[in-house]
>>> print(open('start-v5.cif').read())   # mmCIF, C-alpha atoms
data_run
loop_
_atom_site.label_atom_id
_atom_site.label_comp_id
_atom_site.auth_asym_id
_atom_site.auth_seq_id
_atom_site.Cartn_x
_atom_site.Cartn_y
_atom_site.Cartn_z
CA MET N 1 0.00 0.00 0.00
CA LYS N 2 2.75 2.40 0.97
CA PHE N 3 4.59 1.64 -2.28
CA GLU N 4 1.53 2.31 -4.35
CA GLU N 5 0.97 5.70 -2.80
CA LEU N 6 4.60 6.78 -3.27
CA VAL N 7 4.79 5.46 -6.83
CA ARG N 8 1.62 7.38 -7.63
CA LEU N 9 3.11 10.58 -6.20
CA ILE N 10 6.38 10.08 -8.11
CA HIS N 11 4.42 9.50 -11.29
CA PHE N 12 2.39 12.66 -10.68
CA CYS N 13 5.59 14.70 -10.24
CA LYS N 14 6.99 13.29 -13.46
CA THR N 15 3.81 14.18 -15.35
CA ILE N 16 4.08 17.77 -14.14
CA GLU N 17 7.73 17.94 -15.26
CA LYS N 18 7.07 16.32 -18.62
CA GLU N 19 3.82 17.92 -19.66
CA GLY N 20 4.35 21.31 -18.12
CA THR N 21 1.10 21.29 -16.16
CA ASP N 22 0.60 23.58 -13.17
CA PRO N 23 3.23 22.54 -10.56
CA PHE N 24 0.97 23.89 -7.82
CA ASP N 25 -1.39 20.99 -8.49
CA LEU N 26 0.92 19.09 -6.17
CA ASP N 27 0.33 19.67 -2.46
CA VAL N 28 3.91 19.84 -1.16
CA LYS N 29 2.92 19.82 2.52
CA LYS N 30 0.79 16.72 2.11
CA PHE N 31 3.57 15.05 0.07
CA LEU N 32 6.09 15.66 2.87
CA GLU N 33 3.63 14.41 5.50
CA THR N 34 3.18 11.21 3.50
CA LEU N 35 6.94 10.73 3.34
CA ARG N 36 7.24 11.34 7.06
CA ARG N 37 4.46 8.90 7.81
CA TYR N 38 6.29 6.11 6.05
CA HIS N 39 9.79 7.13 7.10
CA LYS N 40 10.02 4.88 10.18
CA LYS N 41 8.56 1.91 8.32
CA TRP N 42 11.32 1.70 5.74
CA LYS N 43 13.36 -1.49 6.12
CA SER N 44 15.04 -2.54 2.91
CA LEU N 45 17.37 -0.68 0.56
CA ASP N 46 14.58 -0.58 -2.05
CA ASP N 47 12.35 1.25 0.45
CA LEU N 48 15.03 3.87 1.01
CA LEU N 49 15.68 4.24 -2.72
CA LEU N 50 11.99 4.83 -3.33
CA ASP N 51 11.94 7.39 -0.53
CA ALA N 52 14.96 9.16 -2.05
CA GLU N 53 13.40 9.15 -5.51
CA ALA N 54 10.19 10.65 -4.16
CA LEU N 55 12.16 13.38 -2.41
CA ALA N 56 14.18 14.11 -5.56
CA GLU N 57 11.02 14.39 -7.67
CA LEU N 58 9.44 16.67 -5.07
CA ALA N 59 12.53 18.93 -5.21
CA LYS N 60 12.16 19.19 -8.99
CA VAL N 61 8.51 20.20 -8.68
CA ILE N 62 9.38 22.83 -6.06
CA GLU N 63 11.95 24.21 -8.50
CA LEU N 64 9.23 24.34 -11.15
CA GLN N 65 6.95 26.15 -8.73
CA GLY N 66 9.68 28.78 -8.24
CA ARG N 67 10.07 29.17 -11.98
CA TRP N 68 6.28 29.34 -12.40
CA ILE N 69 6.02 32.24 -9.94
CA LYS N 70 8.94 34.03 -11.60
CA ASP N 71 7.37 33.62 -15.00
CA ARG N 72 3.92 34.78 -13.90
CA SER N 73 5.34 37.85 -12.21
CA SER N 74 7.28 38.88 -15.32
CA SER N 75 5.81 41.15 -17.99
CA PHE N 76 6.14 38.27 -20.43
CA TYR N 77 3.39 36.27 -18.76
CA ILE N 78 0.33 35.67 -20.90
CA ASP N 79 -2.80 33.90 -19.79
CA PRO N 80 -2.69 30.63 -21.79
CA ALA N 81 -6.50 30.44 -21.95
CA LEU N 82 -6.77 33.95 -23.38
CA LEU N 83 -4.07 33.32 -25.96
CA GLU N 84 -5.61 29.98 -26.94
CA LEU N 85 -8.98 31.63 -27.44
CA LYS N 86 -7.42 34.35 -29.55
CA LEU N 87 -5.54 31.76 -31.65
CA ARG N 88 -8.78 29.91 -32.35
CA MET N 89 -10.49 33.12 -33.45
CA LEU N 90 -7.81 34.41 -35.81
CA GLU N 91 -7.76 33.69 -39.53
CA PRO N 92 -4.64 32.02 -41.00
CA HIS N 93 -3.56 35.23 -42.78
CA GLN N 94 -3.77 37.20 -39.50
CA LEU N 95 -1.57 34.62 -37.76
CA ALA N 96 0.88 34.65 -40.65
CA THR N 97 1.05 38.45 -40.55
CA ALA N 98 1.77 38.43 -36.81
CA PHE N 99 4.53 35.87 -37.37
CA VAL N 100 6.17 37.77 -40.22
CA ARG N 101 6.13 41.01 -38.21
CA SER N 102 7.97 39.40 -35.31
CA TRP N 103 10.31 37.37 -37.49
CA HIS N 104 13.98 38.22 -38.05
CA PRO N 105 15.25 35.51 -40.39
CA ILE N 106 18.80 34.26 -40.12
CA LEU N 107 21.01 35.29 -43.00
CA ALA N 108 23.23 32.50 -44.16
CA VAL N 109 24.76 31.71 -47.51
CA ASP N 110 26.04 28.40 -48.83
CA ARG N 111 28.90 28.66 -51.25
CA ILE N 112 31.70 26.35 -52.25
CA THR N 113 35.11 27.95 -52.01
CA PRO N 114 38.05 26.89 -54.22
CA GLN N 115 39.75 25.49 -51.11
CA ARG N 116 36.71 23.33 -50.26
CA LEU N 117 36.48 22.17 -53.87
CA LYS N 118 40.11 21.09 -53.71
CA GLU N 119 39.43 19.19 -50.47
CA GLY N 120 36.49 17.46 -52.19
CA LEU N 121 38.66 16.47 -55.12
CA ASN N 122 41.34 15.07 -52.80
CA TYR N 123 38.64 13.10 -50.96
CA TRP N 124 37.36 11.69 -54.26
CA ASN N 125 40.86 10.68 -55.30
CA ALA N 126 41.50 8.93 -52.00
CA LEU N 127 38.16 7.09 -52.05
CA LEU N 128 38.28 3.35 -52.85
CA PRO N 129 35.87 1.98 -55.50
CA LEU N 130 32.41 1.06 -54.20
CA ASN N 131 32.91 -2.72 -54.54
CA GLU N 132 35.85 -2.44 -52.12
CA ARG N 133 33.75 -0.57 -49.53
CA LYS N 134 30.74 -2.87 -49.32
CA GLU N 135 30.79 -2.99 -45.54
CA GLU N 136 30.02 0.76 -45.47
CA PHE N 137 26.70 0.09 -47.23
CA PRO N 138 25.12 -2.99 -45.66
CA LEU N 139 21.92 -4.28 -47.21
CA PRO N 140 18.85 -3.04 -45.35
CA SER N 141 17.61 -5.59 -42.85
CA MET N 142 14.03 -6.80 -43.00
CA LEU N 143 11.62 -4.89 -40.87
CA ASP N 144 10.03 -6.83 -38.04
CA THR N 145 6.75 -4.99 -38.37
CA THR N 146 4.76 -3.47 -41.17
CA PHE N 147 2.56 -0.40 -41.33
CA ASP N 148 -0.94 -1.82 -41.50
CA LEU N 149 -4.58 -0.84 -41.19
CA GLU N 150 -4.47 -0.89 -37.39
CA ASP N 151 -1.70 1.74 -37.44
CA LEU N 152 -3.80 4.01 -39.69
CA ILE N 153 -6.76 3.60 -37.35
CA GLU N 154 -4.57 4.35 -34.36
CA LEU N 155 -3.27 7.49 -36.07
CA ASN N 156 -6.89 8.63 -36.64
CA ILE N 157 -6.31 8.76 -40.39
CA ILE N 158 -9.30 6.49 -40.93
CA SER N 159 -11.87 4.93 -38.65
CA LYS N 160 -12.59 1.20 -38.57
CA SER N 161 -16.32 1.55 -39.27
CA GLU N 162 -15.71 3.97 -42.14
CA PHE N 163 -13.20 1.56 -43.67
CA ASP N 164 -15.53 -1.46 -43.27
CA GLU N 165 -18.37 0.48 -44.90
CA SER N 166 -16.17 1.42 -47.87
CA ILE N 167 -15.11 -2.22 -48.34
CA GLN N 168 -18.72 -3.37 -48.17
CA ALA N 169 -19.74 -0.81 -50.81
CA VAL N 170 -17.04 -2.11 -53.19
CA LEU N 171 -18.13 -5.71 -52.52
CA ASN N 172 -21.77 -4.84 -53.22
CA GLU N 173 -20.77 -3.25 -56.51
CA LEU N 174 -18.70 -6.29 -57.49
CA GLU N 175 -21.60 -8.61 -56.69
CA ASP N 176 -23.90 -6.47 -58.87
CA ARG N 177 -21.51 -6.37 -61.79
CA GLY N 178 -20.35 -10.01 -61.58
CA ARG N 179 -17.20 -11.25 -63.32
CA ILE N 180 -15.49 -8.30 -64.93
CA GLU N 181 -12.10 -7.22 -66.26
CA TYR N 182 -10.12 -5.87 -63.30
CA HIS N 183 -9.32 -2.43 -64.79
CA ASP N 184 -12.91 -1.95 -65.94
CA PHE N 185 -14.00 -2.54 -62.39
CA ILE N 186 -11.37 -0.35 -60.74
CA TYR N 187 -11.27 2.64 -63.07
CA GLY N 188 -13.97 5.27 -62.73
CA ASP N 189 -14.57 8.93 -63.50
CA ALA N 190 -11.65 10.16 -61.38
CA PHE N 191 -8.16 8.71 -61.11
CA GLU N 192 -7.96 9.39 -57.34
CA THR N 193 -11.12 7.41 -56.57
CA SER N 194 -9.88 4.62 -58.85
CA ILE N 195 -6.74 4.26 -56.73
CA ILE N 196 -8.81 4.19 -53.53
CA LYS N 197 -11.04 1.53 -55.08
CA ALA N 198 -7.98 -0.55 -56.05
CA TYR N 199 -6.74 -0.31 -52.48
CA LEU N 200 -10.09 -1.42 -51.04
CA THR N 201 -10.39 -4.20 -53.62
CA SER N 202 -7.03 -5.59 -52.53
CA TYR N 203 -8.60 -6.17 -49.11
CA LEU N 204 -11.53 -8.03 -50.71
CA VAL N 205 -9.10 -10.34 -52.51
CA SER N 206 -6.89 -10.82 -49.42
CA GLU N 207 -9.94 -11.67 -47.31
CA GLY N 208 -11.17 -14.17 -49.93
CA LYS N 209 -14.33 -12.19 -50.71
CA ALA N 210 -13.23 -11.71 -54.33
CA GLU N 211 -11.21 -13.85 -56.73
CA LEU N 212 -8.72 -12.87 -59.40
CA ASP N 213 -8.47 -14.84 -62.60
CA ILE N 214 -5.26 -14.06 -64.45
CA ASN N 215 -4.68 -14.87 -68.10
CA PRO N 216 -0.95 -14.20 -68.63
CA LEU N 217 -1.05 -14.94 -72.37
CA GLU N 218 -3.71 -12.31 -73.09
CA ASP N 219 -2.41 -10.04 -70.34
CA GLU N 220 -5.88 -9.91 -68.81
CA VAL N 221 -7.02 -9.98 -65.20
CA PHE N 222 -10.64 -10.69 -64.27
CA ILE N 223 -12.20 -10.19 -60.89
CA SER N 224 -15.34 -11.85 -59.58
CA PRO N 225 -17.08 -12.19 -56.21
CA SER N 226 -16.24 -15.40 -54.37
CA ASN N 227 -18.69 -18.28 -54.82
CA THR N 228 -19.04 -18.99 -51.11
CA LYS N 229 -19.67 -16.27 -48.57
CA ASP N 230 -17.56 -18.05 -46.00
CA ASN N 231 -14.61 -18.45 -48.28
CA ALA N 232 -12.52 -16.15 -46.13
CA LYS N 233 -13.08 -18.19 -43.06
CA VAL N 234 -12.54 -21.56 -44.79
CA ASN N 235 -9.53 -20.83 -46.92
CA HIS N 236 -6.42 -20.69 -44.75
CA THR N 237 -3.84 -21.45 -47.44
CA PRO N 238 -1.13 -18.80 -47.53
CA GLY N 239 -1.81 -16.30 -50.34
CA ARG N 240 0.62 -14.71 -52.72
CA SER N 241 0.93 -11.08 -53.76
CA ILE N 242 -0.18 -10.19 -57.27
CA PRO N 243 1.14 -6.87 -58.54
CA ILE N 244 -1.22 -5.15 -60.98
CA SER N 245 -0.06 -1.94 -62.59
CA LEU N 246 -2.25 1.17 -62.46
CA SER N 247 -1.11 4.46 -63.87
CA TYR N 248 -2.55 7.81 -64.73
CA GLU N 249 -1.70 7.33 -68.43
CA ASP N 250 -3.41 3.94 -68.41
CA TRP N 251 -6.48 5.44 -66.77
CA LEU N 252 -6.57 8.23 -69.42
CA ARG N 253 -6.47 5.60 -72.18
CA TRP N 254 -9.23 3.63 -70.45
CA ARG N 255 -11.42 6.72 -70.14
CA GLU N 256 -10.89 7.70 -73.77
CA LYS N 257 -11.87 4.21 -74.85
CA ARG N 258 -14.99 4.36 -72.68
CA ASN N 259 -15.96 7.78 -73.99
CA HIS N 260 -15.67 6.54 -77.57
CA GLY N 261 -18.24 3.91 -76.68
CA GLN N 262 -15.97 0.89 -77.02
CA GLU N 263 -17.26 -2.11 -75.18
CA PRO N 264 -15.11 -2.80 -72.11
CA ASN N 265 -13.57 -6.25 -71.80
CA GLY N 266 -15.45 -9.05 -70.20
CA ARG N 267 -18.80 -7.36 -69.97
CA MET Q 1 50.43 57.85 -37.53
CA GLU Q 2 51.73 54.78 -39.34
CA ARG Q 3 50.85 52.61 -36.35
CA GLU Q 4 47.29 53.98 -36.37
CA GLU Q 5 46.96 53.15 -40.04
CA GLU Q 6 48.26 49.65 -39.39
CA SER Q 7 45.78 49.16 -36.56
CA ARG Q 8 42.89 50.29 -38.76
CA THR Q 9 43.88 47.93 -41.55
CA ARG Q 10 44.09 45.06 -39.06
CA THR Q 11 40.64 45.86 -37.67
CA GLU Q 12 39.15 46.08 -41.16
CA ARG Q 13 40.64 42.71 -42.03
CA LYS Q 14 39.17 41.22 -38.85
CA VAL Q 15 35.74 42.71 -39.50
CA LYS Q 16 35.78 41.32 -43.04
CA LYS Q 17 36.77 37.91 -41.70
CA ALA Q 18 34.05 38.04 -39.03
CA ALA Q 19 31.44 38.93 -41.68
CA GLN Q 20 32.48 36.02 -43.87
CA LEU Q 21 32.50 33.60 -40.94
CA LEU Q 22 29.02 34.67 -39.91
CA PHE Q 23 27.43 34.93 -43.34
CA PHE Q 24 28.69 31.69 -44.85
CA ARG Q 25 27.44 28.45 -43.37
CA ARG Q 26 30.13 26.23 -41.92
CA HIS Q 27 27.88 23.82 -40.02
CA ARG Q 28 24.44 22.27 -40.36
CA ILE Q 29 23.10 24.92 -37.99
CA PRO Q 30 23.93 28.45 -39.14
CA GLY Q 31 26.06 30.68 -36.98
CA VAL Q 32 29.43 30.44 -35.30
CA LYS Q 33 30.33 29.58 -31.72
CA GLY Q 34 32.08 32.16 -29.56
CA TRP Q 35 35.20 30.02 -29.22
CA GLU Q 36 35.46 29.67 -33.01
CA LEU Q 37 35.30 33.44 -33.41
CA LYS Q 38 37.90 33.88 -30.68
CA LYS Q 39 40.20 31.42 -32.42
CA ALA Q 40 39.79 33.14 -35.79
CA LEU Q 41 39.71 36.80 -34.69
CA GLY Q 42 41.63 36.89 -31.43
CA ASP Q 43 40.77 37.80 -27.85
CA ASP Q 44 39.10 41.06 -28.90
CA TYR Q 45 36.52 39.25 -31.05
CA LEU Q 46 33.59 40.85 -29.19
CA ALA Q 47 34.95 44.31 -30.05
CA VAL Q 48 35.33 43.21 -33.70
CA LEU Q 49 31.70 42.01 -33.69
CA GLY Q 50 30.71 45.41 -32.29
CA VAL Q 51 32.30 47.15 -35.29
CA LEU Q 52 30.66 44.66 -37.67
CA ASN Q 53 27.33 45.25 -35.95
CA SER Q 54 27.44 48.97 -36.60
CA ALA Q 55 28.19 48.32 -40.27
CA LEU Q 56 25.34 45.81 -40.50
CA ASP Q 57 22.97 48.14 -38.69
CA ARG Q 58 23.04 50.51 -41.66
CA LEU Q 59 21.84 47.62 -43.83
CA GLY Q 60 19.04 46.56 -41.46
CA MET Q 61 20.88 43.54 -40.08
CA GLU Q 62 22.46 42.66 -36.75
CA VAL Q 63 24.64 40.08 -35.07
CA LYS Q 64 22.52 38.04 -32.70
CA ARG Q 65 23.89 36.06 -29.79
CA ILE Q 66 22.04 32.96 -28.58
CA SER Q 67 22.98 30.91 -25.55
CA GLU Q 68 22.98 27.12 -25.56
CA GLU Q 69 20.12 27.15 -23.07
CA GLY Q 70 18.10 29.42 -25.29
CA ALA Q 71 18.32 32.76 -23.58
CA GLU Q 72 19.40 35.86 -25.46
CA ARG Q 73 22.42 37.51 -23.90
CA GLY Q 74 23.57 41.03 -23.67
CA GLU Q 75 27.04 42.46 -23.30
CA GLY Q 76 29.19 42.00 -20.23
CA GLU Q 77 28.34 38.38 -19.52
CA GLY Q 78 30.92 35.85 -18.38
CA GLU Q 79 33.77 35.02 -20.76
CA GLU Q 80 33.23 31.29 -20.45
CA LYS Q 81 29.53 31.53 -21.30
CA THR Q 82 30.23 33.84 -24.24
CA GLU Q 83 32.54 31.28 -25.80
CA ARG Q 84 29.78 28.67 -25.70
CA ASP Q 85 27.21 31.02 -27.22
CA ARG Q 86 26.29 30.98 -30.91
CA PHE Q 87 26.53 34.14 -32.98
CA MET Q 88 24.54 34.65 -36.16
CA ILE Q 89 23.36 37.44 -38.44
CA VAL Q 90 19.64 38.16 -38.63
CA LEU Q 91 17.47 40.68 -40.43
CA LYS Q 92 16.81 43.46 -37.96
CA ASP Q 93 13.96 45.26 -39.68
CA PRO Q 94 12.59 43.25 -42.58
CA VAL Q 95 11.53 45.73 -45.24
CA ILE Q 96 10.62 43.15 -47.85
CA GLU Q 97 7.25 41.40 -47.70
CA LYS Q 98 8.49 37.89 -48.39
CA ALA Q 99 11.71 36.39 -47.11
CA SER Q 100 10.70 32.76 -47.39
CA GLY Q 101 8.99 30.43 -49.83
CA GLU Q 102 6.62 29.07 -47.16
CA ARG Q 103 2.90 29.06 -47.95
CA ILE Q 104 0.66 31.34 -45.89
CA ASP Q 105 -1.17 28.44 -44.22
CA GLU Q 106 2.15 26.90 -43.22
CA VAL Q 107 3.30 30.19 -41.68
CA ALA Q 108 -0.07 30.43 -39.90
CA MET Q 109 0.34 26.93 -38.49
CA LEU Q 110 3.86 27.76 -37.32
CA ALA Q 111 2.69 31.01 -35.70
CA ALA Q 112 -0.17 29.23 -33.92
CA THR Q 113 2.13 26.42 -32.76
CA LEU Q 114 4.75 28.80 -31.40
CA ALA Q 115 2.21 31.00 -29.63
CA TYR Q 116 0.52 27.94 -28.16
CA ILE Q 117 3.81 26.53 -26.85
CA ILE Q 118 4.94 29.94 -25.54
CA SER Q 119 1.67 30.26 -23.60
CA LYS Q 120 2.36 26.85 -22.03
CA GLN Q 121 5.71 28.07 -20.71
CA GLY Q 122 7.78 26.80 -23.59
CA LYS Q 123 6.69 23.19 -23.89
CA ALA Q 124 3.54 21.24 -24.64
CA PRO Q 125 2.65 17.61 -25.37
CA ARG Q 126 2.74 16.96 -29.12
CA LYS Q 127 -0.73 15.41 -28.96
CA ALA Q 128 -2.16 18.63 -27.48
CA VAL Q 129 -0.55 20.74 -30.24
CA GLU Q 130 -1.83 18.33 -32.91
CA ASP Q 131 -5.37 18.47 -31.53
CA PHE Q 132 -5.21 22.25 -31.37
CA LEU Q 133 -4.01 22.63 -34.99
CA SER Q 134 -6.46 19.97 -36.26
CA GLU Q 135 -9.31 22.33 -35.54
CA LYS Q 136 -8.34 24.28 -38.63
CA PHE Q 137 -6.19 21.93 -40.70
CA PRO Q 138 -6.43 18.22 -41.66
CA LYS Q 139 -4.58 15.90 -39.30
CA GLN Q 140 -2.19 14.59 -41.94
CA ARG Q 141 -1.06 18.11 -42.86
CA VAL Q 142 -0.58 18.89 -39.18
CA PHE Q 143 1.64 15.79 -38.70
CA PHE Q 144 3.81 16.71 -41.70
CA ALA Q 145 3.99 20.38 -40.73
CA LEU Q 146 5.13 19.62 -37.18
CA ASP Q 147 7.76 17.19 -38.45
CA ARG Q 148 9.01 19.84 -40.86
CA TYR Q 149 9.19 22.54 -38.16
CA ILE Q 150 11.25 20.12 -36.06
CA ARG Q 151 13.60 19.43 -39.00
CA GLN Q 152 13.93 23.17 -39.68
CA GLY Q 153 14.81 23.84 -36.04
CA TYR Q 154 11.74 25.93 -35.16
CA LEU Q 155 10.61 23.24 -32.72
CA GLY Q 156 12.33 20.56 -30.69
CA GLU Q 157 10.83 17.27 -29.59
CA ASP Q 158 11.67 15.15 -26.59
CA GLU Q 159 9.57 12.13 -25.67
CA SER Q 160 6.49 13.45 -27.48
CA VAL Q 161 6.80 16.88 -25.85
CA LEU Q 162 7.36 19.83 -28.18
CA TYR Q 163 9.46 22.79 -27.14
CA ILE Q 164 10.78 26.01 -28.73
CA GLY Q 165 13.69 25.19 -31.05
CA TRP Q 166 17.01 26.98 -31.60
CA ARG Q 167 15.79 28.64 -34.78
CA THR Q 168 12.77 30.21 -33.13
CA ARG Q 169 15.05 31.51 -30.38
CA ALA Q 170 17.26 33.10 -33.03
CA GLU Q 171 14.63 34.37 -35.46
CA VAL Q 172 11.41 35.10 -33.63
CA ASP Q 173 10.75 37.94 -31.22
CA ARG Q 174 8.44 35.84 -29.05
CA LYS Q 175 7.08 38.70 -27.00
CA SER Q 176 6.25 40.68 -30.09
CA LEU Q 177 4.56 37.63 -31.69
CA VAL Q 178 2.30 37.12 -28.69
CA ASP Q 179 1.54 40.86 -28.41
CA LEU Q 180 0.64 41.02 -32.10
CA ILE Q 181 -1.65 38.00 -31.80
CA LEU Q 182 -3.38 39.39 -28.74
CA SER Q 183 -3.87 42.77 -30.36
CA SER Q 184 -5.10 41.39 -33.72
#
>>> encode(input="start-v5.cif", output="structure tokens")
Amino acid sequence: MKFEELVRLIHFCKTIEKEGTDPFDLDVKKFLETLRRYHKKWKSLDDLLLDAEALAELAKVIELQGRWIKDRSSSFYIDPALLELKLRMLEPHQLATAFVRSWHPILAVDRITPQRLKEGLNYWNALLPLNERKEEFPLPSMLDTTFDLEDLIELNIISKSEFDESIQAVLNELEDRGRIEYHDFIYGDAFETSIIKAYLTSYLVSEGKAELDINPLEDEVFISPSNTKDNAKVNHTPGRSIPISLSYEDWLRWREKRNHGQEPNGR
Amino acid sequence: MEREEESRTRTERKVKKAAQLLFFRRHRIPGVKGWELKKALGDDYLAVLGVLNSALDRLGMEVKRISEEGAERGEGEGEEKTERDRFMIVLKDPVIEKASGERIDEVAMLAATLAYIISKQGKAPRKAVEDFLSEKFPKQRVFFALDRYIRQGYLGEDESVLYIGWRTRAEVDRKSLVDLILSS
């Protein structure tokens, strides 16, 4: 119990130091009384170390309290709430103007001098050929982790429900259209949305909700919804990656073809 | 008379050398340390900088002195501290409207970030700054902008806490920025 209380106090002090919150949130008198209460109960070296750590953290917070008072009493003190409110109200151009008016940019010039050029040449001459310096450029090691959907969700770039809804919409469309040439399915009125659709479709294929049928001789790829709804759950065989090229030029060609009323493949 | 002439020539040479040392980048971070100036110009390097400063003043520039800890220093401070300080040339009174290729929204984000951090006594959790900026800009742009300000030296980051960087200390009159924002 005593450990828990002290660890909590130490943690609180560290939060104040790290996040810059009000150091007066800590009741110094109560902190010292707590330390005194436990003082005679300490037995082991660990107890004493914890006691010392708590005291050291308290000293740091007291120092912050001193600095806090000094800062607030100076003319430079601004009420954070007032400034925050003002920042929220101002337009970007007003903020930019305030910045430019208080900005004194550093003047620095980069220029190669003849002496430096000579040093560079000497360095080049002394440098061994690349194949003799392989150890300086080791091959990149494989990453242990990858950047996946969970990371994007964690970063608030997308939400899980939003993503699931988008995937379901693509699946519904595929089910409506049936077996179709991959590019005819992916490409739409805008290139950007086509890329997003390709990304979402890759999830459908990975999860076994859609199947790709590749004809390497004709250079054609067809996509169709999976026959069984539970395919994803049943099929546990390891998949393989299939790269399919998409480019802006290709999309332009596809759109031109469509606008000229040519029948898309596989429809 | 001849000695006086000699002394003037020597001072001129030193001032020219000081100007070149300060204007041309020798390190990743612009500016020159006090000890480097002392080594190149001699023990009277502060007096040489004084002469250079008066010449620069006529052109709207000045030599600025920044301490390692971030405080601006005036004259008459300890010798040891002065040698550790960084000296650089800054525009004193910008008379041109644009001195950077930054977009207006990027400058606005930087101004808001700096003012926000200043109001929190010089440091704030990165998450809090991100949330604050996301009210007006998309999250992804905020992430990239903060990373760029850190790379440029306007901000520093330590264990997900953002603080005022060396470049802001050198370039931005923080009091004036806050006053201008409050009076806008």
>>> atom_distance(input="start-v5.cif", atom1="CA of His27 (chain Q)", atom2="CA of Arg141 (chain Q)")
29.6 Å
>>> resolve_selection(input="start-v5.cif", expression="the PyMOL selection byres ((chain Q and resi 109-116) around 7)", output="NGL selection string")
(:N and (84 or 87 or 95-96 or 99)) or (:Q and (105-108 or 117-120 or 129 or 178))
>>> interface_residues(input="start-v5.cif", of="chain N", to="chain Q", cutoff="8 Å", atoms="only C-alpha atoms", output="ChimeraX atom specification")
/N:18-20,76-80,83-84,86-87,90,92-96,98-99,101-111,157
>>> resolve_selection(input="start-v5.cif", expression="the PyMOL selection byres ((chain N and resi 58) around 10)", output="ChimeraX atom specification")
/N:9-10,12-14,26-28,31-32,52-57,59-64
>>> atom_distance(input="start-v5.cif", atom1="CA of Leu155 (chain Q)", atom2="CA of Gly34 (chain Q)")
23.5 Å
>>> atom_distance(input="start-v5.cif", atom1="CA of Thr21 (chain N)", atom2="CA of Glu33 (chain N)")
22.9 Å
>>> resolve_selection(input="start-v5.cif", expression="the PyMOL selection byres ((chain Q and resi 154) around 8)", output="number ranges by chain")
Q: 149-153, 155-156, 164-168
>>> residues_near_point(input="start-v5.cif", point="(-17.1, -4.5, -57.1)", cutoff="12 Å", atoms="all atoms listed in the file", output="ChimeraX atom specification")
/N:166-188,194,197-198,200-205,209-211,222-226
>>> closest_residue(input="start-v5.cif", among="Q:Lys127, Q:Arg13, Q:Arg148, Q:Ala19", to="Ser54 (chain Q)", atoms="only C-alpha atoms")
Q:Ala19
>>> build_atoms(input="start-v5.cif", residues="region 205-216 of chain N", atoms="N, CA and C atoms", output="mmCIF file, in the frame of the given file")
data_model
loop_
_atom_site.group_PDB
_atom_site.id
_atom_site.type_symbol
_atom_site.label_atom_id
_atom_site.label_comp_id
_atom_site.auth_asym_id
_atom_site.auth_seq_id
_atom_site.Cartn_x
_atom_site.Cartn_y
_atom_site.Cartn_z
ATOM 1 N N VAL N 205 -9.798 -9.161 -51.989
ATOM 2 C CA VAL N 205 -9.100 -10.340 -52.510
ATOM 3 C C VAL N 205 -8.346 -11.034 -51.366
ATOM 4 N N SER N 206 -7.654 -10.231 -50.535
ATOM 5 C CA SER N 206 -6.890 -10.820 -49.420
ATOM 6 C C SER N 206 -7.812 -11.575 -48.456
ATOM 7 N N GLU N 207 -9.017 -11.038 -48.261
ATOM 8 C CA GLU N 207 -9.940 -11.670 -47.310
ATOM 9 C C GLU N 207 -10.747 -12.797 -47.959
ATOM 10 N N GLY N 208 -10.502 -13.060 -49.249
ATOM 11 C CA GLY N 208 -11.170 -14.170 -49.930
ATOM 12 C C GLY N 208 -12.590 -13.845 -50.342
ATOM 13 N N LYS N 209 -12.965 -12.550 -50.313
ATOM 14 C CA LYS N 209 -14.330 -12.190 -50.710
ATOM 15 C C LYS N 209 -14.422 -11.965 -52.227
ATOM 16 N N ALA N 210 -13.262 -11.868 -52.871
ATOM 17 C CA ALA N 210 -13.230 -11.710 -54.330
ATOM 18 C C ALA N 210 -12.098 -12.575 -54.867
ATOM 19 N N GLU N 211 -12.235 -12.980 -56.135
ATOM 20 C CA GLU N 211 -11.210 -13.850 -56.730
ATOM 21 C C GLU N 211 -10.643 -13.194 -57.977
ATOM 22 N N LEU N 212 -9.349 -13.401 -58.190
ATOM 23 C CA LEU N 212 -8.720 -12.870 -59.400
ATOM 24 C C LEU N 212 -8.460 -14.036 -60.342
ATOM 25 N N ASP N 213 -8.721 -13.809 -61.608
ATOM 26 C CA ASP N 213 -8.470 -14.840 -62.600
ATOM 27 C C ASP N 213 -7.512 -14.212 -63.620
ATOM 28 N N ILE N 214 -6.286 -14.719 -63.615
ATOM 29 C CA ILE N 214 -5.260 -14.060 -64.450
ATOM 30 C C ILE N 214 -4.994 -14.889 -65.712
ATOM 31 N N ASN N 215 -5.011 -14.210 -66.844
ATOM 32 C CA ASN N 215 -4.680 -14.870 -68.100
ATOM 33 C C ASN N 215 -3.388 -14.226 -68.605
ATOM 34 N N PRO N 216 -2.233 -14.845 -68.304
ATOM 35 C CA PRO N 216 -0.950 -14.200 -68.630
ATOM 36 C C PRO N 216 -0.729 -14.065 -70.140
#
